[in-house]
Amino acid sequence: MSTETVQDISIQTTTGIILTDVAASKVAALLTQEGRDDLSLRVAVQPGGCSGLRYQLYFDDRALDGDTVSTFGSVKVVTDKMSTPYLMGASIDFVDTIEKQGFTIDNPNAQGSCACGDSFN
């Protein structure tokens with residue numbers, strides 16, 4: 001595992017999912033707002049969308065058989081065993097600009113996407 005800094009963002013390079021420092025800070029702030037320290041950020045790939053698959057991000061207190069868990073500071077990111085292969089090397093960031101606010105996923109495994117921006121092959 002190595003750490004590299006890109007535009008003041010420290011990213012841990014692993015074979016699993018990557019959560020940028022900005023995204024980890026936002027998730028930690030949301031968890032603090034909820035008053036919960038027992039939740040993880042679950043990232044899943046679900047059937048649907050115009051290209052066949054779409055992402056889901058939500059807080060979860062469950063531990064499922066076969067889950068992959070990555071820790072970024074105080075934030076745990078969990079993926080189920082079906083989603084993990086689709087998310088290997090994917091990077092989650094948080095963008096807060098005048099045009100757009102929210103979490104973004106850059107996934108090197110996505111071979112295509114559609115205009116709605118939430119699906120990939």
# chains A, B, ... in the order shown; residues from 1 in each chain; ligands from 1

call {"tool": "residues_around", "arguments": {"residues": "region 56-67 of chain A", "least_positions_apart": "2", "cutoff": "8 Å", "atoms": "only C-alpha atoms", "output": "ChimeraX atom specification"}}
result
/A:38-46,54,69,78-81

call {"tool": "atom_distance", "arguments": {"atom1": "CA of Gly102 (chain A)", "atom2": "CA of Val77 (chain A)"}}
result
16.8 Å

call {"tool": "residues_around", "arguments": {"residues": "region 104-109 of chain A", "least_positions_apart": "3", "cutoff": "6 Å", "atoms": "only C-alpha atoms", "output": "JSON list (two decimals) with all heavy atoms, in the first residue's frame"}}
result
[["chain", "number", "residue", "atom", "x", "y", "z"],
["A", 90, "ALA", "N", -11.90, 1.63, -7.51],
["A", 90, "ALA", "CA", -12.80, 2.78, -7.65],
["A", 90, "ALA", "C", -12.50, 3.81, -6.57],
["A", 90, "ALA", "O", -12.16, 3.46, -5.44],
["A", 90, "ALA", "CB", -14.26, 2.32, -7.55],
["A", 91, "SER", "N", -12.61, 5.07, -6.93],
["A", 91, "SER", "CA", -12.31, 6.17, -6.01],
["A", 91, "SER", "C", -13.57, 6.98, -5.75],
["A", 91, "SER", "O", -14.24, 7.42, -6.68],
["A", 91, "SER", "CB", -11.23, 7.07, -6.62],
["A", 91, "SER", "OG", -10.99, 8.18, -5.81],
["A", 92, "ILE", "N", -13.89, 7.17, -4.47],
["A", 92, "ILE", "CA", -15.05, 7.98, -4.08],
["A", 92, "ILE", "C", -14.54, 9.32, -3.58],
["A", 92, "ILE", "O", -13.67, 9.37, -2.71],
["A", 92, "ILE", "CB", -15.87, 7.30, -2.98],
["A", 92, "ILE", "CG1", -16.38, 5.95, -3.47],
["A", 92, "ILE", "CG2", -17.04, 8.18, -2.55],
["A", 92, "ILE", "CD1", -17.08, 5.14, -2.42],
["A", 93, "ASP", "N", -15.09, 10.39, -4.12],
["A", 93, "ASP", "CA", -14.72, 11.74, -3.73],
["A", 93, "ASP", "C", -15.99, 12.51, -3.39],
["A", 93, "ASP", "O", -17.10, 12.06, -3.68],
["A", 93, "ASP", "CB", -13.96, 12.43, -4.87],
["A", 93, "ASP", "CG", -13.18, 13.66, -4.41],
["A", 93, "ASP", "OD1", -13.12, 13.93, -3.20],
["A", 93, "ASP", "OD2", -12.63, 14.35, -5.28]]

call {"tool": "closest_residue", "arguments": {"among": "A:Thr20, A:Ser83, A:Thr71, A:Gln33", "to": "Leu53 (chain A)", "atoms": "only C-alpha atoms"}}
result
A:Ser83
